[in-house]
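What's in model-v9.txt: compact mmCIF, C-alpha atoms
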# COMPACT_ATOMS: atom_id res chain seq x y z
CA MET A 23 -36.39 -1.55 -14.97
CA LYS A 24 -37.91 -1.10 -11.50
CA LYS A 25 -37.48 -4.81 -10.80
CA LEU A 26 -33.82 -4.60 -11.79
CA LEU A 27 -33.23 -1.61 -9.50
CA PHE A 28 -35.04 -3.37 -6.66
CA LEU A 29 -32.96 -6.53 -7.16
CA PHE A 30 -29.76 -4.49 -7.28
CA SER A 31 -30.74 -2.72 -4.03
CA VAL A 32 -31.43 -6.03 -2.32
CA PHE A 33 -27.97 -7.32 -3.35
CA ILE A 34 -26.28 -4.19 -2.02
CA ILE A 35 -28.07 -4.47 1.31
CA PHE A 36 -27.33 -8.21 1.53
CA PHE A 37 -23.63 -7.81 0.76
CA SER A 38 -23.23 -4.85 3.12
CA PHE A 39 -24.02 -7.16 6.06
CA MET A 40 -21.48 -9.80 5.09
CA GLU A 41 -18.32 -10.10 7.16
CA SER A 42 -16.03 -9.05 4.32
CA LYS A 43 -16.35 -5.29 4.05
CA HIS A 44 -14.93 -5.17 0.57
CA PRO A 45 -14.80 -7.94 -2.00
CA TYR A 46 -11.50 -6.84 -3.51
CA HIS A 47 -8.00 -6.39 -2.13
CA VAL A 48 -6.31 -3.31 -3.46
CA GLY A 49 -3.75 -0.83 -2.21
CA SER A 50 -1.89 2.07 -3.70
CA VAL A 51 1.72 3.17 -3.39
CA GLU A 52 2.89 6.61 -4.51
CA ILE A 53 6.64 7.11 -4.93
CA ASN A 54 7.24 10.82 -5.32
CA TYR A 55 10.69 12.34 -5.90
CA ASN A 56 11.15 15.53 -3.89
CA GLN A 57 13.58 17.89 -5.69
CA LYS A 58 14.36 19.90 -2.54
CA SER A 59 15.23 17.02 -0.22
CA LYS A 60 16.51 14.83 -3.10
CA THR A 61 14.64 11.87 -1.62
CA PHE A 62 11.71 9.72 -2.62
CA GLU A 63 8.69 10.23 -0.39
CA ILE A 64 6.56 7.10 -0.39
CA THR A 65 2.96 6.81 0.72
CA GLY A 66 1.22 3.44 0.84
CA ARG A 67 -2.54 3.43 1.33
CA PHE A 68 -4.33 0.23 2.33
CA PHE A 69 -7.65 -0.86 3.78
CA LEU A 70 -7.30 -0.77 7.55
CA ASP A 71 -8.70 -4.27 8.13
CA ASP A 72 -6.51 -5.79 5.40
CA LEU A 73 -3.33 -4.25 6.75
CA GLU A 74 -4.24 -5.18 10.32
CA ASN A 75 -4.86 -8.79 9.25
CA GLY A 76 -1.65 -8.82 7.19
CA LEU A 77 0.42 -7.69 10.18
CA ASN A 78 -1.29 -10.10 12.58
CA ASN A 79 -0.82 -12.97 10.13
CA LYS A 80 2.83 -12.12 9.51
CA TYR A 81 3.87 -11.63 13.13
CA GLY A 82 1.43 -13.95 14.91
CA LYS A 83 0.16 -11.13 17.10
CA THR A 84 -3.12 -9.38 17.70
CA LEU A 85 -2.61 -5.72 16.84
CA HIS A 86 -5.43 -3.23 16.37
CA PHE A 87 -5.53 0.09 14.62
CA ASN A 88 -7.81 2.67 16.27
CA ASP A 89 -6.51 1.62 19.68
CA PRO A 90 -3.78 3.88 21.15
CA LYS A 91 -2.33 1.10 23.32
CA PHE A 92 -1.06 -0.65 20.16
CA LYS A 93 0.64 2.46 18.65
CA ALA A 94 4.25 1.48 19.54
CA GLN A 95 3.75 -2.15 18.46
CA LEU A 96 2.15 -1.05 15.19
CA ASN A 97 5.03 1.33 14.46
CA GLU A 98 7.53 -1.51 14.95
CA ALA A 99 5.47 -4.01 12.94
CA LEU A 100 4.93 -1.55 10.06
CA LYS A 101 8.63 -0.65 10.03
CA ASN A 102 9.60 -4.33 9.67
CA TYR A 103 6.76 -5.14 7.27
CA SER A 104 7.62 -2.22 4.97
CA ALA A 105 11.30 -3.18 4.95
CA GLU A 106 10.39 -6.67 3.78
CA TYR A 107 7.62 -5.88 1.29
CA PHE A 108 8.97 -2.69 -0.33
CA LYS A 109 12.31 -2.22 -2.11
CA LEU A 110 13.51 0.73 -4.19
CA LYS A 111 16.36 1.27 -6.65
CA GLY A 112 17.33 4.53 -8.31
CA ASN A 113 19.85 4.67 -11.16
CA ASN A 114 20.76 0.97 -10.58
CA LYS A 115 21.50 1.51 -6.86
CA PHE A 116 19.45 0.06 -4.00
CA LEU A 117 18.22 2.90 -1.81
CA ASN A 118 17.80 2.66 1.94
CA VAL A 119 14.18 3.33 2.78
CA SER A 120 13.18 4.45 6.26
CA PHE A 121 9.82 4.10 7.94
CA VAL A 122 8.52 7.56 8.87
CA GLY A 123 5.16 6.68 10.42
CA TYR A 124 1.55 5.90 9.72
CA GLU A 125 -1.79 7.62 9.89
CA GLU A 126 -5.26 6.14 10.18
CA ASP A 127 -7.86 7.65 7.90
CA HIS A 128 -11.31 6.15 8.66
CA GLU A 129 -11.19 2.73 6.95
CA SER A 130 -7.71 3.06 5.51
CA VAL A 131 -4.14 3.43 6.73
CA ASN A 132 -1.46 5.61 5.16
CA VAL A 133 2.08 4.31 5.63
CA TYR A 134 4.86 6.86 5.12
CA LEU A 135 8.41 6.00 4.03
CA GLU A 136 11.37 8.05 2.79
CA SER A 137 14.44 7.03 0.82
CA GLU A 138 18.01 8.13 1.24
CA LYS A 139 19.17 10.98 -1.01
CA ILE A 140 19.66 10.46 -4.72
CA ASP A 141 20.54 13.01 -7.38
CA ASN A 142 18.47 13.24 -10.53
CA PRO A 143 16.93 9.73 -10.79
CA LYS A 144 16.50 8.62 -14.39
CA LYS A 145 15.80 4.93 -13.81
CA VAL A 146 13.49 3.82 -10.97
CA GLU A 147 12.90 0.20 -10.03
CA THR A 148 10.72 -1.04 -7.23
CA ALA A 149 9.45 -4.26 -5.71
CA VAL A 150 6.05 -3.81 -4.09
CA SER A 151 4.39 -6.80 -2.45
CA PHE A 152 2.31 -5.33 0.37
CA LEU A 153 -0.35 -7.80 1.54
CA TYR A 154 0.87 -10.57 -0.77
CA ASN A 155 1.42 -12.58 2.42
CA LEU A 156 -2.35 -12.53 2.98
CA PHE A 157 -4.18 -12.36 -0.35
CA ASP A 158 -3.48 -14.14 -3.63
CA ASP A 159 -5.69 -11.62 -5.42
CA GLN A 160 -4.00 -8.49 -4.03
CA ILE A 161 -3.58 -5.58 -6.45
CA ASN A 162 -1.17 -2.74 -5.75
CA ILE A 163 -1.44 0.33 -7.92
CA VAL A 164 1.94 2.03 -8.06
CA HIS A 165 2.51 5.66 -9.06
CA ILE A 166 6.06 6.91 -9.62
CA ILE A 167 6.48 10.66 -9.97
CA VAL A 168 9.80 12.23 -10.94
CA ASN A 169 10.08 15.93 -11.80
CA GLY A 170 6.33 16.16 -12.29
CA GLU A 171 6.19 13.22 -14.71
CA ARG A 172 3.80 10.56 -13.39
CA LYS A 173 3.89 6.91 -14.47
CA SER A 174 1.42 4.42 -13.05
CA GLU A 175 1.04 0.68 -13.24
CA LYS A 176 -1.05 -2.03 -11.66
CA LEU A 177 0.79 -4.91 -9.99
CA THR A 178 -1.32 -8.02 -9.47
CA TYR A 179 -0.18 -10.88 -7.26
CA PRO A 180 2.35 -12.46 -7.74
CA ASN A 181 3.90 -9.71 -9.91
CA ARG A 182 5.84 -7.30 -7.70
CA TYR A 183 8.47 -5.67 -9.92
CA LEU A 184 8.15 -2.36 -11.71
CA PHE A 185 10.69 -0.47 -13.80
CA GLN A 186 10.28 3.07 -15.13
CA GLN A 187 12.62 5.27 -17.13
CA PHE A 188 12.44 9.07 -16.77
Show how you would write the structure in this file as structure tokens.
Amino acid sequence: MKKLLFLFSVFIIFFSFMESKHPYHVGSVEINYNQKSKTFEITGRFFLDDLENGLNNKYGKTLHFNDPKFKAQLNEALKNYSAEYFKLKGNNKFLNVSFVGYEEDHESVNVYLESEKIDNPKKVETAVSFLYNLFDDQINIVHIIVNGERKSEKLTYPNRYLFQQF
């Protein structure tokens, strides 16, 4: 047992020094219906280095989170990126989704979006393909919450479509 624990510790130390900080590519997207504003509030959470590489790959630029001089460029890139890789329908109608902003949280980035108003959504459809332009093993875990009822599903590349009935 001690040999197994020692071997496991050696592997952890070895892999912690490798260039790839995490061996998996996963993000989460929460789509939460706000009764008061009658809008969907969307939060996408992604590894900072993955999102940075995804933006740089997509736009052929060198942008860096954690550097204030790139704030305006990152806002513009994330606005365009979100518009391309996230779509939302409510009750069979495409909803306009606006980029609100982003926030860095240590090794992750939260991207905030908000939909136009919709009354009493019963049918929610979404297309989520964040980071599919970079990784063919990307997983996006999507949570849709309407009137306190939460439905979650895992979308694995290349699957991007999700439909939920409330």
Could you jot down the atom CA of Lys60 of chain A to atom CA of Lys139 of chain A separation for me, Å, one decimal place?
5.1 Å
Expressed in Å, the length from atom CA of Gln186 of chain A to atom CA of Gly49 of chain A is 19.5 Å
Name the residues in contact with segment 171-181 of chain A at a cut-off of 7 Å, using all atoms listed in the file, excluding same-chain residues fewer than 5 positions from it; report them as a ChimeraX atom specification.
/A:154,158-166
As an exercise, work out the distance from atom CA of Lys109 of chain A to atom CA of Thr148 of chain A in Å and give it to one decimal place.
5.5 Å
Quick one: everything within 8 Å of Glu136 of chain A, counting all atoms listed in the file, minus sequence neighbours fewer than 2 positions away in the same chain. Send it as a ChimeraX atom specification.
/A:61-64,119-122,134,138
Env of Gly76 of chain A: 12 Å cut, atoms = only C-alpha atoms, seq-sep filter 3 positions within chain, self excluded. Answer as a ChimeraX atom specification.
/A:47,68-73,79-86,96,99-100,103-104,107,151-157,160
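Comparing the minimum interatomic distances between Asn54 of chain A and each of A:Asn118, A:Asn169, A:Asn113, A:Asn75, counting all atoms listed in the file, we find that A:Asn169 sits nearest.
Residue nearest Val133 of chain A within the list A:Asn88, A:Asn97, A:Asn56, A:Asn78: A:Asn97 [criterion: smallest interatomic distance, all atoms listed in the file].
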Of the residues A:Ser137, A:Ser130, A:Gln57, A:Asn102, which is the one nearest to Leu117 of chain A, using all atoms listed in the file?
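Among A:Ser137, A:Ser130, A:Gln57, A:Asn102, it is A:Ser137 that comes nearest to Leu117 of chain A.
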Identify which of the residues A:Ala149, A:Leu110, A:Val131, A:Val48 lies closest to Leu184 of chain A, counting all atoms listed in the file when measuring atom-to-atom distances.
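Residue with the minimum atom-to-atom distance to Leu184 of chain A: A:Ala149.
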